[in-house]
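A.B. asks: A single structure is presented below for examination.
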Amino acid sequence: MSLITVLGAGIAALFAAVATALVYRDAERVGVDLGSPRLWAAFVLVTSGVAAVTVLLVPDAPLPGVLVIAALGPLLYLLERDDSMHGDDPADPTRLPNDGDDRDRPEE
């Protein structure tokens, strides 16, 4: 194994650990509906680990596929976070989600 591979793996592990810690902290703060903060942090860590193992064991693996695997955990967490924050309210095409209550809107 070359020095570049070891250095790259170390940096990737550091990024995975930071992403896992940030997801755990944010999931505790927001209170996601589906799963627990530990489950989401573990999911992010597993997807990052699978991407790293794929790069190390399959040197000819296409980079876009590896990036998709690495981004899967954080992206799915962000989708669940958004769903938890905005709830199950029906969509209203006449206003933005953070526009406020209907009471604050001027009559048209």
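Starting from 1 in every chain, residues are counted up; chains themselves are A, B, ... following the order of the structure tokens, and ligands are numbered from 1 as listed.
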Write out as a ChimeraX atom specification all residues of chain A that backbone DSSP assigns to alpha helix (DSSP H).
C.D. replies: /A:3-30,37-57,63-86
A.B. asks: Set the distance at 7 Å and use only C-alpha atoms: which residues neighbour stretch 46-51 of chain A once local chain neighbours fewer than 3 positions away are removed? I'd like the list as a PyMOL selection string.
C.D. replies: chain A and resi 16+42-43+54-55+66+69-70+72-73
A.B. asks: Find, counting only C-alpha atoms, the residue in A:Leu34, A:Leu3, A:Leu14, A:Ala21 that gets nearest to A:Tyr77.
C.D. replies: A:Leu34
A.B. asks: What gap, in Å, lies between atom CA of A:Leu56 and atom CA of A:Tyr24?
C.D. replies: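 Result for atom CA of A:Leu56 versus atom CA of A:Tyr24: 26.5 Å, one decimal.
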A.B. asks: For A:Ala17, which residue out of A:Glu80, A:Val44, A:Asp88, A:Asp60 is the nearest one, using only C-alpha atoms?
C.D. replies: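 Looking at the shortest contact to A:Ala17, the residue is A:Val44.
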A.B. asks: Which residue is closest to A:Ala27? Choose from A:Ala52, A:Ala91, A:Leu78, A:Leu96 and count only C-alpha atoms.
C.D. replies: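 Using only C-alpha atoms, A:Ala27 sits closest to A:Leu78.
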A.B. asks: Between atom CA of A:Ala71 and atom CA of A:Leu22, what is the spacing in Å?
C.D. replies: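 Spanning atom CA of A:Leu22 to atom CA of A:Ala71 is a straight-line distance of 14.3 Å.
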A.B. asks: Rounded to one decimal in Å, what is the spacing between atom CA of A:Pro93 and atom CA of A:Arg81?
C.D. replies: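 Computing it gives 21.2 Å between the two atoms.
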